[in-house]
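See below for entry24.tsv, which holds TSV, C-alpha atoms and all ligand atoms.
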```tsv
chain	number	residue	atom	x	y	z
K	1	MET	CA	17.18	-28.80	1.66
K	2	GLU	CA	16.59	-25.18	2.46
K	3	GLU	CA	12.94	-24.51	3.12
K	4	LYS	CA	11.26	-22.39	0.50
K	5	LYS	CA	10.41	-18.92	1.75
K	6	LYS	CA	6.78	-17.93	1.92
K	7	VAL	CA	5.62	-15.53	-0.78
K	8	VAL	CA	4.34	-12.11	0.29
K	9	LEU	CA	2.65	-9.82	-2.21
K	10	SER	CA	1.10	-6.40	-2.00
K	11	LEU	CA	0.35	-3.52	-4.32
K	12	ILE	CA	-0.21	0.14	-3.67
K	13	GLN	CA	-1.97	2.59	-5.92
K	14	PRO	CA	0.41	5.13	-7.45
K	15	THR	CA	-1.01	8.24	-5.86
K	16	GLY	CA	2.36	9.98	-6.03
K	17	VAL	CA	4.41	10.65	-2.93
K	18	PRO	CA	2.80	8.87	0.04
K	19	THR	CA	2.00	10.47	3.39
K	20	LEU	CA	3.66	9.79	6.71
K	21	GLY	CA	0.50	7.80	7.50
K	22	ASN	CA	0.89	5.53	4.45
K	23	TYR	CA	4.53	5.07	5.34
K	24	LEU	CA	4.25	4.28	9.05
K	25	GLY	CA	0.99	2.38	8.58
K	26	ALA	CA	1.94	0.08	5.72
K	27	LEU	CA	5.04	0.76	3.64
K	28	LYS	CA	7.53	0.56	6.47
K	29	ASN	CA	6.29	-2.96	7.18
K	30	TRP	CA	6.99	-3.92	3.57
K	31	VAL	CA	10.65	-3.19	4.15
K	32	MET	CA	10.62	-5.37	7.25
K	33	MET	CA	8.88	-8.23	5.42
K	34	SER	CA	11.30	-8.01	2.52
K	35	LYS	CA	14.07	-9.14	4.82
K	36	GLU	CA	12.27	-12.33	5.75
K	37	TYR	CA	10.04	-13.39	2.85
K	38	ASP	CA	10.10	-13.81	-0.87
K	39	CYS	CA	8.39	-10.52	-1.69
K	40	LEU	CA	6.64	-8.98	-4.66
K	41	PHE	CA	5.63	-5.36	-4.36
K	42	GLY	CA	3.87	-3.48	-7.10
K	43	GLU	CA	2.19	-0.27	-7.97
K	44	ALA	CA	-1.40	-0.76	-9.09
K	45	ASP	CA	-1.60	1.68	-11.99
K	46	LEU	CA	-4.39	-0.29	-13.69
K	47	HIS	CA	-6.47	0.17	-10.57
K	48	ALA	CA	-5.58	3.85	-10.54
K	49	ILE	CA	-7.39	4.63	-13.80
K	50	THR	CA	-10.76	3.87	-12.23
K	51	VAL	CA	-10.46	7.54	-11.28
K	52	ARG	CA	-9.82	9.98	-14.13
K	53	THR	CA	-6.26	11.35	-14.04
K	54	PRO	CA	-4.44	13.58	-16.57
K	55	PRO	CA	-1.86	11.49	-18.52
K	56	ALA	CA	1.20	13.45	-17.43
K	57	GLU	CA	0.03	13.26	-13.83
K	58	LEU	CA	-0.46	9.49	-13.94
K	59	LYS	CA	3.06	9.02	-15.27
K	60	LYS	CA	4.53	11.34	-12.65
K	61	ARG	CA	2.72	9.54	-9.84
K	62	CYS	CA	3.95	6.17	-11.07
K	63	LEU	CA	7.55	7.31	-11.21
K	64	ASP	CA	7.29	9.00	-7.82
K	65	MET	CA	5.84	5.93	-6.14
K	66	PHE	CA	8.37	3.63	-7.76
K	67	ALA	CA	11.22	5.87	-6.59
K	68	ILE	CA	9.76	5.92	-3.07
K	69	LEU	CA	9.54	2.12	-2.90
K	70	ILE	CA	13.26	1.86	-3.62
K	71	ALA	CA	14.22	4.94	-1.61
K	72	MET	CA	12.58	3.58	1.52
K	73	GLY	CA	14.80	0.53	1.42
K	74	LEU	CA	13.31	-2.17	-0.79
K	75	ASP	CA	16.10	-3.85	-2.72
K	76	PRO	CA	15.25	-4.42	-6.40
K	77	GLU	CA	17.81	-7.23	-6.49
K	78	LYS	CA	16.10	-9.09	-3.67
K	79	SER	CA	12.41	-8.28	-3.99
K	80	THR	CA	10.37	-8.07	-7.16
K	81	ILE	CA	9.30	-4.45	-7.47
K	82	PHE	CA	7.09	-3.84	-10.45
K	83	CYS	CA	4.45	-1.77	-12.13
K	84	GLN	CA	1.20	-3.64	-12.72
K	85	SER	CA	0.65	-2.41	-16.30
K	86	HIS	CA	4.07	-3.76	-17.30
K	87	VAL	CA	2.72	-7.25	-16.73
K	88	PRO	CA	-0.12	-7.99	-19.17
K	89	ALA	CA	-1.13	-11.15	-17.31
K	90	HIS	CA	-2.87	-9.00	-14.67
K	91	ALA	CA	-5.43	-7.71	-17.16
K	92	GLN	CA	-5.73	-11.16	-18.75
K	93	LEU	CA	-6.42	-12.99	-15.52
K	94	GLY	CA	-8.58	-10.12	-14.33
K	95	TRP	CA	-10.98	-10.76	-17.22
K	96	ILE	CA	-10.96	-14.49	-16.63
K	97	LEU	CA	-11.76	-14.06	-12.93
K	98	ASP	CA	-14.63	-11.73	-13.85
K	99	CYS	CA	-16.23	-14.79	-15.38
K	100	TYR	CA	-15.91	-16.72	-12.12
K	101	THR	CA	-17.37	-13.97	-9.94
K	102	GLN	CA	-21.04	-13.28	-9.50
K	103	PHE	CA	-22.60	-9.87	-10.00
K	104	GLY	CA	-24.17	-10.20	-6.57
K	105	GLU	CA	-20.83	-10.89	-4.91
K	106	ALA	CA	-19.17	-7.89	-6.48
K	107	SER	CA	-22.19	-5.75	-5.60
K	108	ARG	CA	-21.67	-6.50	-1.93
K	109	MET	CA	-18.20	-4.91	-1.83
K	110	THR	CA	-18.47	-2.00	0.57
K	111	GLN	CA	-15.62	-0.11	-1.07
K	112	PHE	CA	-17.48	-0.18	-4.39
K	113	LYS	CA	-20.59	1.15	-2.74
K	114	ASP	CA	-18.61	3.92	-1.01
K	115	LYS	CA	-16.71	4.92	-4.12
K	116	ALA	CA	-19.81	4.81	-6.31
K	117	ALA	CA	-21.52	7.18	-3.88
K	118	LYS	CA	-18.51	9.46	-3.77
K	119	HIS	CA	-17.87	9.59	-7.54
K	120	ALA	CA	-21.47	9.44	-8.70
K	121	ASP	CA	-20.45	11.08	-12.00
K	122	ASN	CA	-18.05	8.26	-12.93
K	123	VAL	CA	-19.28	4.89	-11.71
K	124	ASN	CA	-17.37	2.97	-14.38
K	125	LEU	CA	-17.20	-0.81	-14.74
K	126	GLY	CA	-13.56	-0.75	-13.65
K	127	LEU	CA	-14.69	0.47	-10.25
K	128	PHE	CA	-17.01	-2.52	-10.10
K	129	THR	CA	-14.45	-5.13	-11.21
K	130	TYR	CA	-11.65	-3.57	-9.16
K	131	PRO	CA	-11.68	-6.50	-6.70
K	132	THR	CA	-11.35	-9.19	-9.41
K	133	LEU	CA	-8.31	-7.39	-10.83
K	134	MET	CA	-6.93	-7.32	-7.32
K	135	ALA	CA	-7.65	-11.06	-7.03
K	136	ALA	CA	-5.68	-11.56	-10.25
K	137	ASP	CA	-2.75	-9.56	-8.81
K	138	ILE	CA	-2.62	-11.94	-5.90
K	139	LEU	CA	-3.39	-15.30	-7.51
K	140	LEU	CA	-0.88	-14.86	-10.36
K	141	TYR	CA	2.01	-15.19	-7.93
K	142	ASN	CA	0.80	-17.95	-5.62
K	143	ALA	CA	1.06	-15.51	-2.76
K	144	ASP	CA	0.93	-17.05	0.72
K	145	TYR	CA	0.43	-13.79	2.58
K	146	VAL	CA	-1.05	-10.46	1.58
K	147	PRO	CA	-0.56	-7.50	3.90
K	148	VAL	CA	-3.64	-5.30	3.52
K	149	GLY	CA	-5.33	-2.57	5.47
K	150	ASP	CA	-8.80	-3.00	6.96
K	151	ASP	CA	-10.40	-1.41	3.92
K	152	GLN	CA	-9.07	-4.23	1.69
K	153	LYS	CA	-9.96	-7.22	3.88
K	154	GLN	CA	-13.25	-7.82	2.08
K	155	HIS	CA	-11.43	-7.89	-1.27
K	156	LEU	CA	-9.00	-10.46	0.04
K	157	GLU	CA	-11.89	-12.54	1.31
K	158	LEU	CA	-13.43	-12.38	-2.18
K	159	THR	CA	-10.07	-13.42	-3.66
K	160	ARG	CA	-10.12	-16.52	-1.46
K	161	ASP	CA	-13.70	-17.31	-2.52
K	162	ILE	CA	-12.80	-16.99	-6.20
K	163	ALA	CA	-9.69	-19.16	-5.79
K	164	ASN	CA	-11.65	-21.84	-3.95
K	165	ARG	CA	-14.39	-21.76	-6.56
K	166	PHE	CA	-11.93	-22.13	-9.43
K	167	ASN	CA	-10.12	-24.94	-7.60
K	168	GLY	CA	-13.46	-26.64	-7.02
K	169	ILE	CA	-14.16	-26.72	-10.74
K	170	TYR	CA	-10.73	-27.51	-12.19
K	171	GLY	CA	-8.85	-29.17	-9.35
K	172	ASP	CA	-6.31	-27.54	-7.07
K	173	PHE	CA	-4.72	-24.74	-8.99
K	174	PHE	CA	-4.60	-21.40	-7.20
K	175	LYS	CA	-2.91	-20.98	-3.86
K	176	VAL	CA	-5.55	-19.63	-1.47
K	177	PRO	CA	-3.92	-16.56	0.14
K	178	GLU	CA	-4.03	-15.57	3.80
K	179	PRO	CA	-4.12	-12.03	5.12
K	180	PHE	CA	-0.77	-11.14	6.66
K	181	ILE	CA	-1.16	-10.89	10.39
K	182	GLY	CA	2.00	-9.22	11.50
K	183	LYS	CA	2.87	-6.31	13.62
K	184	LYS	CA	-0.03	-3.95	13.18
K	185	GLY	CA	0.93	-0.82	11.32
K	186	ALA	CA	0.41	2.49	13.01
K	187	ARG	CA	-2.83	4.32	12.34
K	188	ILE	CA	-1.85	7.93	11.81
K	189	MET	CA	-4.57	10.54	11.88
K	190	SER	CA	-4.97	13.98	10.32
K	191	LEU	CA	-2.97	16.68	12.12
K	192	GLN	CA	-5.91	19.07	11.84
K	193	GLU	CA	-8.88	16.75	12.42
K	194	PRO	CA	-7.46	13.87	14.44
K	195	ASP	CA	-10.65	11.83	14.22
K	196	LYS	CA	-9.98	11.35	10.47
K	197	LYS	CA	-7.22	9.29	8.89
K	198	MET	CA	-4.27	11.27	7.54
K	199	SER	CA	-4.93	11.64	3.82
K	200	LYS	CA	-3.28	13.42	0.95
K	201	SER	CA	-6.62	14.15	-0.67
K	202	ASP	CA	-7.44	16.38	2.29
K	203	THR	CA	-7.83	19.95	1.07
K	204	ASN	CA	-6.03	21.27	4.14
K	205	GLN	CA	-2.31	20.92	3.35
K	206	LYS	CA	-1.44	21.23	7.03
K	207	SER	CA	-3.33	18.05	7.88
K	208	PHE	CA	-0.79	15.67	6.35
K	209	ILE	CA	2.96	15.19	6.02
K	210	LEU	CA	4.44	13.77	2.82
K	211	VAL	CA	7.41	11.46	3.22
K	212	THR	CA	9.45	13.86	1.08
K	213	ASP	CA	8.58	17.00	3.05
K	214	SER	CA	11.61	19.01	4.15
K	215	PRO	CA	12.43	19.33	7.86
K	216	ASP	CA	11.18	22.94	7.78
K	217	VAL	CA	7.82	21.92	6.39
K	218	ILE	CA	7.57	19.06	8.90
K	219	VAL	CA	8.24	21.46	11.79
K	220	ARG	CA	5.66	23.91	10.50
K	221	LYS	CA	2.96	21.28	10.06
K	222	ILE	CA	3.55	19.64	13.43
K	223	LYS	CA	3.68	22.99	15.20
K	224	SER	CA	0.23	23.80	13.84
K	225	ALA	CA	-1.23	20.39	14.70
K	226	ILE	CA	-4.44	20.52	16.73
K	227	THR	CA	-4.03	19.54	20.40
K	228	ASP	CA	-6.15	20.62	23.38
K	229	SER	CA	-6.01	23.15	26.19
K	230	GLU	CA	-4.77	20.82	28.91
K	231	ALA	CA	-1.03	21.12	28.24
K	232	SER	CA	-0.29	17.64	29.49
K	233	VAL	CA	1.09	14.77	27.40
K	234	TYR	CA	-0.71	11.48	27.92
K	235	TYR	CA	-2.55	9.01	25.72
K	236	SER	CA	-6.33	9.15	25.91
K	237	GLU	CA	-9.34	8.83	23.68
K	238	SER	CA	-10.41	12.25	24.91
K	239	LYS	CA	-7.15	13.74	23.56
K	240	PRO	CA	-7.08	12.60	19.92
K	241	GLY	CA	-4.64	15.30	18.75
K	242	VAL	CA	-2.01	14.68	21.43
K	243	SER	CA	-2.50	10.91	21.21
K	244	ASN	CA	-1.89	11.03	17.47
K	245	LEU	CA	1.35	12.96	17.97
K	246	MET	CA	2.35	10.44	20.65
K	247	GLU	CA	1.69	7.61	18.23
K	248	ILE	CA	3.87	9.27	15.60
K	249	TYR	CA	6.62	9.95	18.13
K	250	SER	CA	6.39	6.41	19.48
K	251	VAL	CA	6.76	4.76	16.06
K	252	CYS	CA	9.66	7.03	15.12
K	253	THR	CA	11.61	6.60	18.36
K	254	GLY	CA	10.52	3.20	19.66
K	255	LYS	CA	9.47	4.80	22.97
K	256	THR	CA	6.32	3.62	24.75
K	257	TYR	CA	3.46	5.99	25.63
K	258	GLU	CA	4.51	5.79	29.27
K	259	GLN	CA	8.05	6.78	28.51
K	260	ILE	CA	6.79	9.67	26.42
K	261	THR	CA	4.49	10.88	29.18
K	262	ASP	CA	7.43	10.78	31.63
K	263	GLU	CA	9.71	12.55	29.19
K	264	PHE	CA	7.35	15.51	28.85
K	265	ALA	CA	6.00	15.67	32.40
K	266	GLY	CA	5.72	19.32	33.42
K	267	ARG	CA	6.66	20.57	29.96
K	268	GLY	CA	4.30	22.25	27.52
K	269	TYR	CA	3.12	21.18	24.10
K	270	GLY	CA	5.73	23.41	22.47
K	271	ASP	CA	8.59	21.21	23.64
K	272	PHE	CA	6.66	18.07	22.82
K	273	LYS	CA	5.87	19.22	19.28
K	274	SER	CA	9.49	20.18	18.64
K	275	ALA	CA	10.57	16.70	19.68
K	276	VAL	CA	7.95	15.04	17.48
K	277	ALA	CA	8.94	17.15	14.48
K	278	GLU	CA	12.60	16.35	14.99
K	279	ALA	CA	11.89	12.62	15.30
K	280	VAL	CA	9.80	12.63	12.13
K	281	ALA	CA	12.42	14.57	10.16
K	282	GLU	CA	15.07	12.16	11.38
K	283	GLU	CA	12.96	9.11	10.49
K	284	LEU	CA	12.34	10.40	6.96
K	285	LYS	CA	15.81	11.77	6.27
K	286	PRO	CA	17.36	8.72	4.54
K	287	LEU	CA	14.21	8.16	2.49
K	288	ARG	CA	14.09	11.78	1.37
K	289	THR	CA	17.80	11.92	0.48
K	290	GLU	CA	17.56	8.71	-1.51
K	291	TYR	CA	14.36	9.84	-3.23
K	292	GLU	CA	15.94	13.12	-4.39
K	293	LYS	CA	18.75	11.11	-5.96
K	294	LEU	CA	16.52	8.50	-7.60
K	295	ILE	CA	13.90	10.81	-9.03
K	296	ASN	CA	16.64	12.53	-11.01
K	297	ASP	CA	17.99	9.25	-12.32
K	298	LYS	CA	15.25	8.08	-14.63
K	299	ALA	CA	17.58	5.66	-16.40
K	300	TYR	CA	18.16	3.76	-13.18
K	301	LEU	CA	14.47	3.76	-12.25
K	302	THR	CA	13.62	2.43	-15.71
K	303	GLU	CA	16.24	-0.27	-15.38
K	304	CYS	CA	14.76	-1.33	-12.03
K	305	ALA	CA	11.23	-1.32	-13.44
K	306	LYS	CA	12.34	-3.48	-16.37
K	307	LYS	CA	14.04	-5.95	-14.08
K	308	GLY	CA	10.95	-6.13	-11.87
K	309	ALA	CA	8.64	-6.56	-14.85
K	310	GLU	CA	10.79	-9.33	-16.25
K	311	LYS	CA	10.68	-11.29	-13.01
K	312	ALA	CA	6.97	-10.66	-12.57
K	313	ASN	CA	6.17	-11.53	-16.20
K	314	ARG	CA	7.96	-14.84	-15.90
K	315	ILE	CA	5.85	-15.96	-12.95
K	316	ALA	CA	2.56	-14.33	-13.94
K	317	GLY	CA	2.80	-15.39	-17.59
K	318	ARG	CA	3.27	-18.99	-16.58
K	319	THR	CA	0.29	-18.88	-14.21
K	320	VAL	CA	-2.09	-17.34	-16.70
K	321	ASN	CA	-1.08	-19.84	-19.40
K	322	LYS	CA	-1.62	-22.79	-17.11
K	323	CYS	CA	-4.91	-21.33	-15.97
K	324	MET	CA	-6.12	-20.95	-19.57
K	325	LYS	CA	-5.11	-24.51	-20.29
K	326	LYS	CA	-7.22	-25.69	-17.36
K	327	ILE	CA	-10.21	-23.77	-18.69
K	328	GLY	CA	-9.82	-25.32	-22.12
K	329	PHE	CA	-8.57	-22.50	-24.31
K	330	TRP	CA	-7.04	-23.50	-27.64
K	331	GLN	CA	-3.31	-23.18	-27.15
K	332	TYR	CA	-0.48	-24.07	-29.48
N	1	LIG	N1	-6.61	-2.19	-3.61
N	1	LIG	C1	-5.39	-1.96	-2.87
N	1	LIG	C2	-5.48	-0.62	-2.15
N	1	LIG	O1	-6.07	0.31	-2.66
N	1	LIG	C3	-4.21	-1.98	-3.78
N	1	LIG	C4	-4.03	-3.33	-4.39
N	1	LIG	C5	-4.23	-3.64	-5.69
N	1	LIG	C6	-3.59	-4.50	-3.72
N	1	LIG	N2	-3.92	-4.96	-5.89
N	1	LIG	C7	-3.53	-5.52	-4.73
N	1	LIG	C8	-3.24	-4.79	-2.39
N	1	LIG	C9	-3.14	-6.81	-4.40
N	1	LIG	C10	-2.86	-6.10	-2.08
N	1	LIG	C11	-2.81	-7.10	-3.09
N	1	LIG	O2	-4.92	-0.49	-1.09
```

Spit out the file's structure as structure tokens when you get a sec.
Amino acid sequence: MEEKKKVVLSLIQPTGVPTLGNYLGALKNWVMMSKEYDCLFGEADLHAITVRTPPAELKKRCLDMFAILIAMGLDPEKSTIFCQSHVPAHAQLGWILDCYTQFGEASRMTQFKDKAAKHADNVNLGLFTYPTLMAADILLYNADYVPVGDDQKQHLELTRDIANRFNGIYGDFFKVPEPFIGKKGARIMSLQEPDKKMSKSDTNQKSFILVTDSPDVIVRKIKSAITDSEASVYYSESKPGVSNLMEIYSVCTGKTYEQITDEFAGRGYGDFKSAVAEAVAEELKPLRTEYEKLINDKAYLTECAKKGAEKANRIAGRTVNKCMKKIGFWQY
């Protein structure tokens, strides 16, 4: 018998079009994983409303992110690509898991503490129960592996604790997920302040590249990236700007740092930046072309979202029903 493929699941918040950093750091790996595993990828729009967003903007971001997921090469026929709010079981199980999580545990989440400090005017309960909703996302699908960034490791650890606790009370039920230890995604930094992660919320537009930026914009942003006065291309902690551009160039071309240093020996940063910009534009070209097509074909996007939701609902609905039966809810 053919061995059953392991289940990989991850969600991303619909923040609209992602940056080059999001893409090279995480999303590109999703495409790789989709070729090998049974994958579910979703956009976490329920998580997104922990921060106030105008209605039209939320919808636009969701459509944009969904289009990007397909445009970058995920196949809606092969993987389950879905929008979290289209699958009611997430909210249902989220509530249930709240009742199996201690206030003290949730209070220890460093992301909650950070976000509460940052958005002191809107420390809503959703921000606090964010990790239990995330646990529901994962446990609904019996995920074996969850690819997450460093900032989400603590949430995954909590998910494992909750699953183990539930299993301890009711007998083995939830699959206890593992973090996905694969090829580490690239860590791409701001083009203007290379000691900070590249982020779209940065007020300086020149500090980040969006995956849908045109080649002209990419050239302009890379040309104005901060470097140093040494005019020599090598990787070093003392040269964060140049090292960041080398990292970008390396991921886009497959060249090692050594090869890059050799390639640009005796040439200035101008040449180097042109090459980086060209490599980035080339890397993003198919994604951008496909995105432009998809974002104007709402009927197709909707069809894909429906298909994804149907597949997700089938699995998640079954899990939440079985879970409620275990707990002792009156079912008919
Ligand atoms: N919290 C994750 C983030 O901001 C997104 C997310 C929501 C997620 N649910 C998930 C990631 C389930 C992995 C699995 O990055």

Residues of region 21-46 of chain K at most 12 Å from region 191-205 of chain K: nearest atom pair and distance in Å, all atoms listed in the file, as CSV:
```
residue,atom,partner,partner_atom,distance
K:Gly21,CA,K:Met198,CA,5.9
K:Asn22,CA,K:Met198,CA,8.3
K:Tyr23,CA,K:Met198,CA,11.0
K:Leu24,CA,K:Met198,CA,11.1
K:Gly25,CA,K:Met198,CA,10.4
```

Got a sec: who's within 6 Å of region 241-245 of chain K, counting all atoms listed in the file, leaving out chain neighbours fewer than 2 positions off, as a PDB file with C-alpha atoms, in the frame of the given file?
```pdb
ATOM      1  CA  PRO K 194      -7.460  13.870  14.440  1.00  0.00           C
ATOM      2  CA  ILE K 226      -4.440  20.520  16.730  1.00  0.00           C
ATOM      3  CA  THR K 227      -4.030  19.540  20.400  1.00  0.00           C
ATOM      4  CA  TYR K 235      -2.550   9.010  25.720  1.00  0.00           C
ATOM      5  CA  LYS K 239      -7.150  13.740  23.560  1.00  0.00           C
ATOM      6  CA  GLU K 247       1.690   7.610  18.230  1.00  0.00           C
ATOM      7  CA  ILE K 248       3.870   9.270  15.600  1.00  0.00           C
TER       8      ILE K 248
END
```

List all protein, DNA and RNA residues that have any atom at most 9 Å from ligand LIG 1 (chain N), counting all atoms listed in the file, and write the list as a short mmCIF file (atom, residue, chain, number, x, y, z; two decimals) with C-alpha atoms, in the coordinates of the input.
```cif
data_model
loop_
_atom_site.label_atom_id
_atom_site.label_comp_id
_atom_site.auth_asym_id
_atom_site.auth_seq_id
_atom_site.Cartn_x
_atom_site.Cartn_y
_atom_site.Cartn_z
CA LEU K 9 2.65 -9.82 -2.21
CA SER K 10 1.10 -6.40 -2.00
CA LEU K 11 0.35 -3.52 -4.32
CA ILE K 12 -0.21 0.14 -3.67
CA GLN K 13 -1.97 2.59 -5.92
CA PHE K 41 5.63 -5.36 -4.36
CA GLY K 42 3.87 -3.48 -7.10
CA GLU K 43 2.19 -0.27 -7.97
CA ALA K 44 -1.40 -0.76 -9.09
CA ASP K 45 -1.60 1.68 -11.99
CA LEU K 46 -4.39 -0.29 -13.69
CA HIS K 47 -6.47 0.17 -10.57
CA ALA K 48 -5.58 3.85 -10.54
CA GLN K 84 1.20 -3.64 -12.72
CA TYR K 130 -11.65 -3.57 -9.16
CA PRO K 131 -11.68 -6.50 -6.70
CA LEU K 133 -8.31 -7.39 -10.83
CA MET K 134 -6.93 -7.32 -7.32
CA ALA K 135 -7.65 -11.06 -7.03
CA ALA K 136 -5.68 -11.56 -10.25
CA ASP K 137 -2.75 -9.56 -8.81
CA ILE K 138 -2.62 -11.94 -5.90
CA VAL K 146 -1.05 -10.46 1.58
CA PRO K 147 -0.56 -7.50 3.90
CA VAL K 148 -3.64 -5.30 3.52
CA GLY K 149 -5.33 -2.57 5.47
CA ASP K 151 -10.40 -1.41 3.92
CA GLN K 152 -9.07 -4.23 1.69
CA HIS K 155 -11.43 -7.89 -1.27
CA LEU K 156 -9.00 -10.46 0.04
#
```

Q: Find the distance between CA of Asp144 (chain K) and CA of Ala163 (chain K) and write it in Å to one decimal.
A: 12.6 Å

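When only C-alpha atoms are used to compute distances to Lys307 (chain K), the closest of the residues K:Tyr100, K:Tyr141, K:Phe82, K:Trp30 turns out to be K:Phe82.
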
Where atoms are absent from region 26-39 of chain K, fill them in so it carries N, CA, C and O atoms, then output it as a compact mmCIF listing (two decimals), in the frame of the given file.
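As written to disk, selection08.txt reads:
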```
# COMPACT_ATOMS: atom_id res chain seq x y z
N ALA K 26 1.85 1.25 6.60
CA ALA K 26 1.94 0.08 5.72
C ALA K 26 3.33 -0.11 5.11
O ALA K 26 3.96 -1.16 5.25
N LEU K 27 3.82 0.93 4.45
CA LEU K 27 5.04 0.76 3.64
C LEU K 27 6.26 0.35 4.45
O LEU K 27 7.07 -0.46 4.00
N LYS K 28 6.37 0.89 5.66
CA LYS K 28 7.53 0.56 6.47
C LYS K 28 7.56 -0.95 6.77
O LYS K 28 8.62 -1.56 6.85
N ASN K 29 6.37 -1.51 6.94
CA ASN K 29 6.29 -2.96 7.18
C ASN K 29 6.74 -3.77 5.96
O ASN K 29 7.23 -4.88 6.10
N TRP K 30 6.53 -3.22 4.78
CA TRP K 30 6.99 -3.92 3.57
C TRP K 30 8.50 -4.13 3.63
O TRP K 30 9.01 -5.20 3.28
N VAL K 31 9.19 -3.10 4.09
CA VAL K 31 10.65 -3.19 4.15
C VAL K 31 11.05 -4.29 5.14
O VAL K 31 11.94 -5.10 4.87
N MET K 32 10.34 -4.34 6.26
CA MET K 32 10.62 -5.37 7.25
C MET K 32 10.37 -6.77 6.66
O MET K 32 11.19 -7.66 6.79
N MET K 33 9.23 -6.92 6.00
CA MET K 33 8.88 -8.23 5.42
C MET K 33 9.87 -8.65 4.35
O MET K 33 10.15 -9.83 4.20
N SER K 34 10.40 -7.68 3.63
CA SER K 34 11.30 -8.01 2.52
C SER K 34 12.58 -8.69 3.01
O SER K 34 13.27 -9.33 2.25
N LYS K 35 12.87 -8.52 4.29
CA LYS K 35 14.07 -9.14 4.82
C LYS K 35 13.84 -10.61 5.16
O LYS K 35 14.77 -11.38 5.34
N GLU K 36 12.58 -10.99 5.27
CA GLU K 36 12.27 -12.33 5.75
C GLU K 36 11.59 -13.22 4.72
O GLU K 36 11.70 -14.44 4.77
N TYR K 37 10.85 -12.61 3.80
CA TYR K 37 10.04 -13.39 2.85
C TYR K 37 10.49 -13.15 1.41
O TYR K 37 11.25 -12.24 1.12
N ASP K 38 9.92 -14.00 0.55
CA ASP K 38 10.10 -13.81 -0.87
C ASP K 38 9.02 -12.81 -1.31
O ASP K 38 7.85 -13.17 -1.37
N CYS K 39 9.41 -11.58 -1.55
CA CYS K 39 8.39 -10.52 -1.69
C CYS K 39 8.22 -9.98 -3.10
O CYS K 39 9.19 -9.83 -3.84
```
